[in-house]
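**Student:** For reference, the file upload_5.cif (mmCIF, C-alpha atoms) is included below:
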data_work
loop_
_atom_site.label_atom_id
_atom_site.label_comp_id
_atom_site.auth_asym_id
_atom_site.auth_seq_id
_atom_site.Cartn_x
_atom_site.Cartn_y
_atom_site.Cartn_z
CA MET A 1 0.00 0.00 0.00
CA ALA A 2 2.78 2.45 0.94
CA SER A 3 4.61 1.61 -2.28
CA ARG A 4 1.52 2.35 -4.36
CA LEU A 5 0.89 5.63 -2.59
CA LEU A 6 4.44 6.78 -3.13
CA HIS A 7 4.26 5.69 -6.76
CA ARG A 8 1.06 7.66 -7.29
CA LEU A 9 2.62 10.70 -5.64
CA ARG A 10 5.70 10.50 -7.83
CA HIS A 11 3.62 10.13 -10.96
CA ALA A 12 1.47 13.09 -9.94
CA LEU A 13 4.53 15.24 -9.30
CA ALA A 14 6.10 14.27 -12.58
CA SER A 15 2.90 15.05 -14.50
CA GLU A 16 2.16 18.47 -12.94
CA GLY A 17 1.59 21.31 -15.38
CA PRO A 18 -0.89 22.17 -18.11
CA GLY A 19 -1.47 19.75 -20.89
CA GLU A 20 -0.17 16.70 -19.00
CA ALA A 21 -2.52 13.83 -18.43
CA ALA A 22 -2.96 12.17 -15.06
CA ALA A 23 -1.53 8.73 -14.43
CA GLY A 24 -3.64 5.90 -15.74
CA PRO A 25 -4.47 2.71 -13.87
CA GLU A 26 -1.73 0.84 -15.68
CA ALA A 27 0.87 2.88 -13.78
CA GLU A 28 -0.05 1.11 -10.53
CA GLN A 29 0.92 -2.24 -11.99
CA PHE A 30 4.60 -1.36 -11.83
CA PRO A 31 5.68 -0.47 -8.29
CA GLU A 32 8.93 1.35 -7.68
CA THR A 33 10.82 -1.77 -6.72
CA SER A 34 10.24 -3.29 -10.16
CA GLU A 35 13.02 -1.01 -11.39
CA LEU A 36 15.49 -3.25 -9.53
CA GLU A 37 15.26 -6.51 -11.37
CA ASP A 38 18.82 -7.83 -11.47
CA ASP A 39 20.86 -9.44 -8.72
CA ASP A 40 22.10 -6.03 -7.64
CA ALA A 41 18.70 -5.33 -6.14
CA GLU A 42 20.40 -6.62 -2.98
CA GLY A 43 17.31 -7.91 -1.24
CA LEU A 44 15.19 -4.79 -1.40
CA SER A 45 11.72 -5.34 -0.01
CA SER A 46 8.57 -5.02 -2.06
CA ARG A 47 6.42 -4.02 0.92
CA LEU A 48 7.80 -0.51 1.37
CA SER A 49 9.71 1.64 -1.07
CA GLY A 50 11.81 4.72 -0.54
CA THR A 51 12.65 7.59 -2.81
CA LEU A 52 15.79 7.82 -4.88
CA SER A 53 17.93 10.92 -4.60
CA PHE A 54 21.69 10.72 -4.68
CA THR A 55 24.85 12.36 -5.85
CA SER A 56 26.69 10.45 -8.53
CA ALA A 57 30.16 9.14 -7.90
CA GLU A 58 32.80 8.21 -10.45
CA ASP A 59 33.79 4.62 -11.03
CA ASP A 60 36.87 3.63 -9.11
CA GLU A 61 38.87 0.49 -9.67
CA ASP A 62 40.34 0.59 -6.14
CA ASP A 63 37.06 -0.34 -4.50
CA GLU A 64 38.72 -3.01 -2.39
CA ASP A 65 40.16 -0.24 -0.20
CA GLU A 66 36.79 0.85 1.15
CA ASP A 67 36.97 0.11 4.87
CA ASP A 68 33.18 -0.11 5.08
CA GLU A 69 33.39 -3.45 3.32
CA GLU A 70 35.87 -5.09 5.68
CA ALA A 71 33.98 -7.63 7.77
CA GLY A 72 34.15 -7.21 11.53
CA ARG A 73 35.83 -3.80 11.48
CA ASP A 74 34.14 -0.96 13.36
CA SER A 75 34.59 2.35 11.59
CA PRO A 76 34.45 5.79 13.23
CA SER A 77 31.22 7.71 12.88
CA PRO A 78 31.06 10.83 10.69
CA GLY A 79 31.18 13.02 13.78
CA ASP A 80 34.63 11.63 14.66
CA ARG A 81 36.34 12.95 11.54
CA THR A 82 38.95 15.58 12.14
CA PRO A 83 38.44 19.08 10.68
CA GLY A 84 39.42 19.35 7.04
CA GLU A 85 38.32 15.87 6.09
CA GLY A 86 35.36 16.58 3.89
CA PRO A 87 33.35 14.68 1.30
CA GLU A 88 34.15 14.76 -2.37
CA ARG A 89 30.92 16.09 -3.84
CA CYS A 90 29.91 15.27 -7.39
CA PRO A 91 27.19 16.99 -9.41
CA PRO A 92 23.80 15.24 -9.49
CA PRO A 93 23.12 13.25 -12.65
CA ASP A 94 20.66 14.59 -15.21
CA GLY A 95 17.14 13.27 -15.04
CA GLN A 96 17.11 12.72 -11.26
CA ARG A 97 15.04 15.82 -10.50
CA GLY A 98 11.74 14.04 -10.96
CA SER A 99 12.73 11.32 -8.49
CA GLN A 100 13.37 13.69 -5.59
CA LEU A 101 10.73 14.50 -2.99
CA LEU A 102 11.57 17.78 -1.31
CA ALA A 103 10.48 18.73 2.18
CA ARG A 104 7.31 20.54 1.08
CA GLN A 105 6.30 17.67 -1.20
CA LEU A 106 6.82 15.14 1.59
CA GLN A 107 4.69 17.23 3.91
CA ASP A 108 1.99 17.44 1.23
CA PHE A 109 2.06 13.64 1.18
CA TRP A 110 1.53 13.63 4.95
CA LYS A 111 -1.49 15.92 4.61
CA LYS A 112 -3.08 13.78 1.90
CA SER A 113 -2.53 10.57 3.89
CA ARG A 114 -4.04 11.77 7.16
CA ASN A 115 -7.57 10.83 6.16
CA THR A 116 -6.62 7.44 4.73
CA LEU A 117 -6.16 4.07 6.37
CA VAL A 118 -2.39 4.26 5.88
CA PRO A 119 -0.72 4.73 9.28
CA GLN A 120 1.46 7.81 9.53
CA ARG A 121 5.14 7.07 9.93
CA LEU A 122 8.48 8.71 9.38
CA LEU A 123 9.69 9.06 5.82
CA PHE A 124 13.34 8.84 4.87
CA GLU A 125 15.05 10.23 1.79
CA VAL A 126 18.71 10.05 0.84
CA THR A 127 19.37 13.63 -0.22
CA SER A 128 23.06 13.16 -1.03
CA ALA A 129 25.64 10.41 -1.18
CA ASN A 130 29.21 11.64 -1.22
CA VAL A 131 32.55 9.87 -1.57
CA VAL A 132 34.79 10.73 1.38
CA LYS A 133 38.54 10.21 1.02
CA ASP A 134 40.12 9.61 4.40
CA PRO A 135 43.54 8.07 3.60
CA PRO A 136 44.25 5.24 3.57
CA SER A 137 40.53 4.42 3.24
CA LYS A 138 37.59 5.77 1.30
CA TYR A 139 33.86 5.43 1.87
CA VAL A 140 30.45 6.78 0.86
CA LEU A 141 28.64 9.08 3.28
CA TYR A 142 24.85 8.97 2.91
CA THR A 143 22.84 11.98 4.13
CA LEU A 144 19.19 11.26 4.89
CA ALA A 145 16.34 13.64 5.52
CA VAL A 146 14.04 12.42 8.30
CA MET A 147 10.52 13.71 7.73
CA GLY A 148 7.44 13.46 9.90
CA PRO A 149 4.19 15.41 10.30
CA GLY A 150 4.77 19.11 10.81
CA PRO A 151 4.21 22.62 9.47
CA PRO A 152 4.96 23.08 5.75
CA ASP A 153 7.88 25.43 6.38
CA HIS A 154 9.53 23.07 8.88
CA GLN A 155 12.81 21.71 7.57
CA PRO A 156 13.41 17.97 8.03
CA ALA A 157 16.03 16.70 10.43
CA GLN A 158 19.12 15.17 8.82
CA ILE A 159 21.61 12.45 9.63
CA SER A 160 24.77 11.40 7.80
CA ARG A 161 25.83 7.77 8.03
CA ARG A 162 28.06 5.35 6.15
CA TYR A 163 27.50 1.75 5.13
CA SER A 164 29.31 0.42 8.19
CA ASP A 165 26.93 2.35 10.48
CA PHE A 166 23.89 0.79 8.80
CA GLU A 167 25.53 -2.63 8.81
CA ARG A 168 26.34 -2.39 12.53
CA LEU A 169 22.76 -1.41 13.31
CA HIS A 170 21.44 -4.34 11.26
CA ARG A 171 23.79 -6.79 12.99
CA ASN A 172 22.88 -5.58 16.49
CA LEU A 173 19.14 -5.71 15.84
CA GLN A 174 19.39 -9.17 14.30
CA ARG A 175 21.10 -10.41 17.42
CA GLN A 176 18.39 -8.99 19.70
CA PHE A 177 15.24 -9.39 17.60
CA ARG A 178 15.57 -12.49 15.45
CA GLY A 179 11.83 -12.81 14.79
CA PRO A 180 10.97 -9.26 13.67
CA MET A 181 14.27 -8.88 11.78
CA ALA A 182 13.80 -12.08 9.76
CA ALA A 183 11.56 -10.33 7.23
CA ILE A 184 13.69 -7.17 6.91
CA SER A 185 16.22 -7.05 4.10
CA PHE A 186 19.62 -5.37 4.05
CA PRO A 187 21.95 -4.68 1.07
CA ARG A 188 24.77 -7.18 0.90
CA LYS A 189 28.43 -6.27 0.93
CA ARG A 190 30.32 -5.91 -2.33
CA LEU A 191 34.00 -6.38 -3.03
CA ARG A 192 34.15 -4.06 -6.04
CA ARG A 193 32.32 -1.15 -7.68
CA ASN A 194 31.20 0.37 -4.39
CA PHE A 195 31.56 3.91 -5.74
CA THR A 196 29.62 3.66 -8.98
CA ALA A 197 26.46 5.72 -9.40
CA GLU A 198 24.42 2.54 -9.83
CA THR A 199 25.59 0.97 -6.57
CA ILE A 200 25.14 4.20 -4.64
CA ALA A 201 21.63 4.62 -6.05
CA ARG A 202 20.58 1.09 -5.12
CA ARG A 203 22.03 1.38 -1.65
CA SER A 204 20.35 4.75 -1.16
CA ARG A 205 17.00 3.18 -1.95
CA ALA A 206 17.79 0.15 0.22
CA PHE A 207 18.69 2.28 3.26
CA GLU A 208 15.47 4.28 2.90
CA GLN A 209 13.47 1.07 2.85
CA PHE A 210 15.47 -0.49 5.67
CA LEU A 211 14.77 2.42 8.05
CA GLY A 212 11.14 2.54 6.92
CA HIS A 213 10.72 -1.12 7.84
CA LEU A 214 12.31 -0.64 11.26
CA GLN A 215 10.03 2.31 12.03
CA ALA A 216 6.97 0.28 10.98
CA VAL A 217 7.55 -2.39 13.67
CA PRO A 218 6.84 -1.08 17.21
CA GLU A 219 9.20 -3.55 18.84
CA LEU A 220 12.07 -2.34 16.65
CA ARG A 221 11.05 1.33 16.65
CA HIS A 222 11.67 1.52 20.41
CA ALA A 223 14.95 -0.44 20.35
CA PRO A 224 17.81 1.45 22.07
CA ASP A 225 20.19 0.59 19.24
CA LEU A 226 17.91 2.29 16.70
CA GLN A 227 17.62 5.36 18.93
CA ASP A 228 21.41 5.46 19.24
CA PHE A 229 21.77 5.19 15.47
CA PHE A 230 19.63 8.28 14.93
CA VAL A 231 20.70 10.52 17.81
CA LEU A 232 23.95 9.50 19.51
CA PRO A 233 26.51 10.69 16.87
CA GLU A 234 24.85 14.11 16.72
CA LEU A 235 24.80 14.45 20.52
CA GLN A 236 28.45 13.43 20.85
CA ARG A 237 29.56 15.88 18.19
CA ALA A 238 27.43 18.69 19.64
CA GLN A 239 28.83 18.06 23.11
CA SER A 240 32.40 18.16 21.78
CA LEU A 241 31.83 21.45 19.94
CA THR A 242 30.16 23.02 22.97
CA CYS A 243 33.03 22.04 25.25
CA THR A 244 35.53 23.63 22.86
CA GLY A 245 33.57 26.88 22.61
CA LEU A 246 32.25 26.48 19.05
CA TYR A 247 28.75 27.43 20.09
CA ARG A 248 27.26 28.39 16.73
CA GLU A 249 28.30 25.11 15.12
CA ALA A 250 27.14 23.18 18.20
CA LEU A 251 23.77 24.96 18.23
CA ALA A 252 22.85 23.58 14.80
CA LEU A 253 23.67 20.03 15.95
CA TRP A 254 21.76 20.37 19.23
CA ALA A 255 18.72 21.69 17.33
CA ASN A 256 18.91 18.84 14.83
CA ALA A 257 19.23 16.29 17.66
CA TRP A 258 16.19 17.77 19.42
CA GLN A 259 14.17 17.59 16.22
CA LEU A 260 15.20 13.97 15.69
CA GLN A 261 14.14 13.00 19.20
CA THR A 262 10.81 14.78 18.75
CA GLN A 263 10.10 13.05 15.43
CA LEU A 264 11.15 9.60 16.64
CA ASP A 265 8.46 9.80 19.32
CA ALA A 266 10.31 7.18 21.35
CA PRO A 267 12.56 7.49 24.40
CA SER A 268 16.21 7.85 23.37
CA GLY A 269 17.51 7.48 26.91
CA PRO A 270 16.14 9.02 30.12
CA ASP A 271 18.50 12.01 30.13
CA ARG A 272 19.06 12.72 26.44
CA PRO A 273 16.17 15.17 25.94
CA LEU A 274 17.33 17.05 29.05
CA LEU A 275 20.93 16.98 27.88
CA THR A 276 19.85 18.31 24.48
CA LEU A 277 17.89 21.16 26.06
CA ALA A 278 20.89 21.95 28.28
CA GLY A 279 23.09 22.15 25.19
CA LEU A 280 20.60 24.42 23.45
CA ALA A 281 20.30 26.66 26.52
CA VAL A 282 24.07 26.98 26.92
CA CYS A 283 24.66 27.79 23.25
CA HIS A 284 21.83 30.34 23.10
CA GLN A 285 23.14 32.00 26.25
CA GLU A 286 26.71 32.14 24.97
CA LEU A 287 25.45 33.59 21.68
CA GLU A 288 23.60 36.36 23.55
CA ASP A 289 20.08 35.04 22.99
CA PRO A 290 18.62 34.92 26.52
CA VAL A 291 15.02 34.62 25.29
CA GLU A 292 15.67 31.29 23.55
CA ALA A 293 17.90 30.10 26.39
CA ARG A 294 15.12 30.74 28.91
CA ALA A 295 12.58 28.97 26.66
CA CYS A 296 14.81 25.87 26.63
CA CYS A 297 15.01 25.96 30.43
CA GLU A 298 11.23 26.13 30.67
CA LYS A 299 10.85 23.12 28.36
CA ALA A 300 13.27 21.17 30.52
CA LEU A 301 11.46 22.11 33.73
CA GLN A 302 8.19 20.96 32.18
CA LEU A 303 9.81 17.59 31.34
CA LEU A 304 11.15 17.27 34.87
CA GLY A 305 7.80 18.18 36.44
CA ASP A 306 7.41 17.39 40.13
CA LYS A 307 9.38 14.16 40.04
CA SER A 308 12.07 13.32 42.56
CA PRO A 309 15.13 15.61 42.28
CA HIS A 310 17.10 15.05 39.11
CA ALA A 311 20.75 16.00 38.57
CA PHE A 312 19.67 18.57 35.98
CA LEU A 313 16.84 20.09 38.05
CA ALA A 314 18.84 22.57 40.15
CA PRO A 315 21.06 23.72 37.23
CA PHE A 316 17.98 24.37 35.07
CA LEU A 317 16.29 26.25 37.94
CA GLU A 318 19.40 28.35 38.54
CA ALA A 319 19.70 29.18 34.82
CA HIS A 320 15.98 30.02 34.63
CA VAL A 321 16.25 32.39 37.63
CA ARG A 322 19.29 34.15 36.18
CA LEU A 323 17.82 34.50 32.68
CA SER A 324 14.45 35.68 34.05
CA TRP A 325 16.21 38.34 36.12
CA ARG A 326 18.14 39.47 33.03
CA LEU A 327 14.93 39.74 30.98
CA GLY A 328 12.90 41.34 33.78
CA LEU A 329 10.49 38.39 34.00
CA ASP A 330 8.95 36.62 36.97
CA LYS A 331 11.40 34.27 38.66
CA ARG A 332 9.75 33.70 42.05
CA HIS A 333 8.52 30.16 41.43
CA SER A 334 11.92 28.93 40.23
CA GLU A 335 13.66 30.72 43.09
CA ALA A 336 11.37 29.04 45.63
CA ARG A 337 11.95 25.57 44.15
CA LEU A 338 15.72 26.08 44.07
CA GLN A 339 15.77 27.33 47.66
CA ALA A 340 13.74 24.32 48.81
CA LEU A 341 16.24 21.94 47.18
CA GLN A 342 19.15 23.73 48.84
CA GLU A 343 17.54 23.75 52.28
CA ALA A 344 16.83 20.02 51.98
CA GLY A 345 20.48 19.40 51.13
CA LEU A 346 19.58 17.98 47.72
CA THR A 347 21.85 20.34 45.80
CA PRO A 348 24.94 22.37 46.71
CA THR A 349 24.92 26.16 47.02
CA PRO A 350 25.45 27.37 44.38
CA PRO A 351 24.40 24.42 42.17
CA PRO A 352 26.56 23.32 39.24
CA SER A 353 25.94 25.19 36.00
CA LEU A 354 24.39 23.60 32.94
CA LYS A 355 27.70 23.92 31.12
CA GLU A 356 29.53 22.06 33.89
CA LEU A 357 27.05 19.18 33.73
CA LEU A 358 27.23 19.19 29.93
CA ILE A 359 31.01 18.76 30.01
CA LYS A 360 30.92 15.99 32.64
CA GLU A 361 28.11 13.97 31.01
CA VAL A 362 29.36 10.74 29.42
CA LEU A 363 27.55 9.86 26.22
CA GLY A 364 27.73 6.31 24.96
#
Would you mind writing the file's structure down as structure tokens?
**Tutor:**
Amino acid sequence: MASRLLHRLRHALASEGPGEAAAGPEAEQFPETSELEDDDAEGLSSRLSGTLSFTSAEDDEDDEDEDDEEAGRDSPSPGDRTPGEGPERCPPPDGQRGSQLLARQLQDFWKKSRNTLVPQRLLFEVTSANVVKDPPSKYVLYTLAVMGPGPPDHQPAQISRRYSDFERLHRNLQRQFRGPMAAISFPRKRLRRNFTAETIARRSRAFEQFLGHLQAVPELRHAPDLQDFFVLPELQRAQSLTCTGLYREALALWANAWQLQTQLDAPSGPDRPLLTLAGLAVCHQELEDPVEARACCEKALQLLGDKSPHAFLAPFLEAHVRLSWRLGLDKRHSEARLQALQEAGLTPTPPPSLKELLIKEVLG
């Protein structure tokens, strides 16, 4: 059903404009996955289909050097690359424009599907696939847009992952969920031609489908390994940038991580939303935006509620009091809560700052 809906949407987008006829019933007889007929289809599923959008890469006869293809070797995540190691971007091939679903078009699809029997779920699109040269190895970095229901002008969250990251996720989930994972396909490893446009295109489609399948199964959707796959690299990189004082760069990563956690609609660890809000508050404060910093503190205090004292409670209260005083806003409630914690001996006087907790927090 999802494949047919996406196929209809693509056909409608491709046929927009005066003088173009609407798709006939015969178009539904050929789902998107029928384009992948040879053995390079690499086990793509026919139940769900993704969209194809990728950046072409040149053929390379030294494909055996791609460290993503070495069995049993854990590769560093994209966030671990040192500065200056960037992807080698290639221009998009001609004729791919019609196969791309942009953010507004994806959101239009959400609107049209709300009154149907198709359950709403996250949509994934590979927006670029770039060859990264990191001597002595080389790999392809896939950037995916993660789209869920939201306002039309809301930009999708993004993640960048390589084949080894997807393969590690697949291996971990197979080990923990043999039953649900038995019906979910994954693209096989190749020894050569990993950097051709054809291979990158097929893998792009396969990764979209793979994540779509995982999100469609509740047991897998809430798996900690899947949550780590989406959020952990961004949080680690954002924390590192914040600790080194690169607040503007860190702010974009914290915001993207918050958006990912909101769209996933599943717990990504008990403290990660609070840690993300702490990162946002610190960066906004350091960039002289006290209004946004205070708003982040208020969100965190709402999440904490009236539960037993949490390590982040006093630092958020202290930051909220200070920012409210700076903006001339009411701070009495936060002051009273903070004073009660201090009198009960539940937090030192003064409490640690959000930045101090952010630096000490171990993510893993």
**Student:** On this structure, the PyMOL selection byres ((chain A and resi 337-347) around 12) would catch which residues? List them as number ranges by chain, sorted by chain and number.
**Tutor:** A: 301, 305-306, 308-322, 331-336, 348-353
**Student:** For CA of Ala300 in chain A and CA of Val282 in chain A, determine how far apart the two atoms are, in Å to one decimal place.
**Tutor:**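 These atoms are spaced 12.8 Å apart.
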**Student:** Using CA of Gln215 in chain A and CA of Asn130 in chain A as the two end points, give the distance in Å to one decimal.
**Tutor:**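 Going from CA of Gln215 in chain A over to CA of Asn130 in chain A covers 25.1 Å.
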**Student:** What do you get, as a PyMOL selection string, if you spell out every residue that the PyMOL selection byres ((chain A and resi 238-254) around 7) selects here?
**Tutor:** chain A and resi 234-237+255-258+276+279-280+283+359
**Student:** A:Asp228, A:Leu173, A:Ala201, A:Glu219: which is nearest Ile159 in chain A, counting all atoms listed in the file?
**Tutor:**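 Comparing A:Asp228, A:Leu173, A:Ala201, A:Glu219 against Ile159 in chain A, the winner is A:Asp228.
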**Student:** Can you tell me, as a VMD selection string, what residues are no more than 12 Å from Val231 in chain A when counting only C-alpha atoms, ignoring any on the same chain fewer than 6 positions away?
**Tutor:** chain A and resid 77 79 146 157 to 161 224 to 225 237 to 238 253 to 264 266 to 269 272 to 273 275 to 276 363 to 364
**Student:** Of the candidates A:Ile184, A:Pro136, A:Thr196, A:Leu169, which shows the shortest atom-to-atom distance to Ala223 in chain A, using only C-alpha atoms?
**Tutor:**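 Checking each candidate against Ala223 in chain A, we get A:Leu169 as the closest.
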**Student:** Enclose the full set of atoms of range 164-178 of chain A listed in the file within a box whose edges lie along x, y and z, apply 5 Å of padding to each of the six sides, and report centre and edge lengths in Å to one decimal as lines of an AutoDock Vina configuration file.
**Tutor:**
center_x = 22.3
center_y = -5.1
center_z = 13.9
size_x = 24.1
size_y = 24.8
size_z = 21.5
**Student:** Mind pulling up the distance from CA of Leu287 in chain A to CA of Leu304 in chain A?
**Tutor:** 25.4 Å
**Student:** From the set A:Gln209, A:Asp289, A:Ala183, A:Lys299, which residue has the shortest atom-to-atom contact distance to Leu323 in chain A, counting only C-alpha atoms?
**Tutor:**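 Once distances to Leu323 in chain A are computed over only C-alpha atoms, the minimum belongs to A:Asp289.
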**Student:** If we count only C-alpha atoms, what is near Met147 in chain A at a cut-off of 7 Å, once residues fewer than 6 positions away on the same chain are taken out, given as a list in words?
**Tutor:**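 So, after excluding close chain neighbours, the residues are Leu122, Leu123, Phe124, Pro156 and Ala157 of chain A.
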**Student:** Measuring between all atoms listed in the file, which one of A:Asp265, A:Pro218, A:Lys133, A:Phe195 shows the shortest distance to Gly148 in chain A?
**Tutor:** A:Asp265
**Student:** If we count all atoms listed in the file, what is near Ala206 in chain A at a cut-off of 7 Å, once residues fewer than 2 positions away on the same chain are taken out, given as an mmCIF file with C-alpha atoms, in the frame of the given file?
**Tutor:**
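Output contents, as saved in around-v9.cif:
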data_model
loop_
_atom_site.group_PDB
_atom_site.id
_atom_site.type_symbol
_atom_site.label_atom_id
_atom_site.label_comp_id
_atom_site.auth_asym_id
_atom_site.auth_seq_id
_atom_site.Cartn_x
_atom_site.Cartn_y
_atom_site.Cartn_z
ATOM 1 C CA LEU A 44 15.190 -4.790 -1.400
ATOM 2 C CA PHE A 186 19.620 -5.370 4.050
ATOM 3 C CA PRO A 187 21.950 -4.680 1.070
ATOM 4 C CA ARG A 202 20.580 1.090 -5.120
ATOM 5 C CA ARG A 203 22.030 1.380 -1.650
ATOM 6 C CA SER A 204 20.350 4.750 -1.160
ATOM 7 C CA GLU A 208 15.470 4.280 2.900
ATOM 8 C CA GLN A 209 13.470 1.070 2.850
ATOM 9 C CA PHE A 210 15.470 -0.490 5.670
#
**Student:** From the options A:Val362, A:Val140, A:Leu232, A:Leu220, which residue's atoms come nearest to Gln176 in chain A, counting only C-alpha atoms?
**Tutor:**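 For Gln176 in chain A, the nearest of the candidates is A:Leu220.
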**Student:** Could you rebuild range 287-311 of chain A with N, CA and C atoms and give it back as a tab-separated table (two decimals), in the frame of the given file?
**Tutor:**
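Result file selection_18.tsv:
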chain	number	residue	atom	x	y	z
A	287	LEU	N	25.62	32.80	22.90
A	287	LEU	CA	25.45	33.59	21.68
A	287	LEU	C	24.54	34.79	21.90
A	288	GLU	N	24.36	35.16	23.17
A	288	GLU	CA	23.60	36.36	23.55
A	288	GLU	C	22.15	36.30	23.06
A	289	ASP	N	21.50	35.18	23.31
A	289	ASP	CA	20.08	35.04	22.99
A	289	ASP	C	19.37	34.51	24.24
A	290	PRO	N	19.20	35.38	25.25
A	290	PRO	CA	18.62	34.92	26.52
A	290	PRO	C	17.17	34.47	26.41
A	291	VAL	N	16.43	35.01	25.44
A	291	VAL	CA	15.02	34.62	25.29
A	291	VAL	C	14.92	33.14	24.94
A	292	GLU	N	15.70	32.70	23.94
A	292	GLU	CA	15.67	31.29	23.55
A	292	GLU	C	16.26	30.41	24.64
A	293	ALA	N	17.30	30.89	25.31
A	293	ALA	CA	17.90	30.10	26.39
A	293	ALA	C	16.88	29.85	27.50
A	294	ARG	N	16.13	30.89	27.86
A	294	ARG	CA	15.12	30.74	28.91
A	294	ARG	C	14.00	29.79	28.46
A	295	ALA	N	13.62	29.86	27.18
A	295	ALA	CA	12.58	28.97	26.66
A	295	ALA	C	13.02	27.51	26.76
A	296	CYS	N	14.30	27.25	26.50
A	296	CYS	CA	14.81	25.87	26.63
A	296	CYS	C	14.76	25.41	28.08
A	297	CYS	N	15.08	26.31	29.02
A	297	CYS	CA	15.01	25.96	30.43
A	297	CYS	C	13.57	25.63	30.83
A	298	GLU	N	12.62	26.40	30.33
A	298	GLU	CA	11.23	26.13	30.67
A	298	GLU	C	10.76	24.79	30.12
A	299	LYS	N	11.19	24.44	28.90
A	299	LYS	CA	10.85	23.12	28.36
A	299	LYS	C	11.40	22.02	29.24
A	300	ALA	N	12.64	22.19	29.68
A	300	ALA	CA	13.27	21.17	30.52
A	300	ALA	C	12.54	21.04	31.86
A	301	LEU	N	12.16	22.16	32.46
A	301	LEU	CA	11.46	22.11	33.73
A	301	LEU	C	10.09	21.46	33.59
A	302	GLN	N	9.45	21.64	32.44
A	302	GLN	CA	8.19	20.96	32.18
A	302	GLN	C	8.40	19.45	32.09
A	303	LEU	N	9.50	19.02	31.43
A	303	LEU	CA	9.81	17.59	31.34
A	303	LEU	C	10.09	17.00	32.71
A	304	LEU	N	10.80	17.76	33.54
A	304	LEU	CA	11.15	17.27	34.87
A	304	LEU	C	9.94	17.22	35.79
A	305	GLY	N	9.02	18.17	35.63
A	305	GLY	CA	7.80	18.18	36.44
A	305	GLY	C	8.08	18.18	37.92
A	306	ASP	N	7.27	17.46	38.67
A	306	ASP	CA	7.41	17.39	40.13
A	306	ASP	C	8.03	16.07	40.58
A	307	LYS	N	8.77	15.45	39.69
A	307	LYS	CA	9.38	14.16	40.04
A	307	LYS	C	10.48	14.37	41.09
A	308	SER	N	10.99	13.25	41.59
A	308	SER	CA	12.07	13.32	42.56
A	308	SER	C	13.25	14.08	41.97
A	309	PRO	N	14.05	14.76	42.79
A	309	PRO	CA	15.13	15.61	42.28
A	309	PRO	C	16.03	14.89	41.29
A	310	HIS	N	16.26	15.55	40.18
A	310	HIS	CA	17.10	15.05	39.11
A	310	HIS	C	18.38	15.88	39.09
A	311	ALA	N	19.46	15.29	38.60
A	311	ALA	CA	20.75	16.00	38.57
A	311	ALA	C	20.67	17.31	37.79
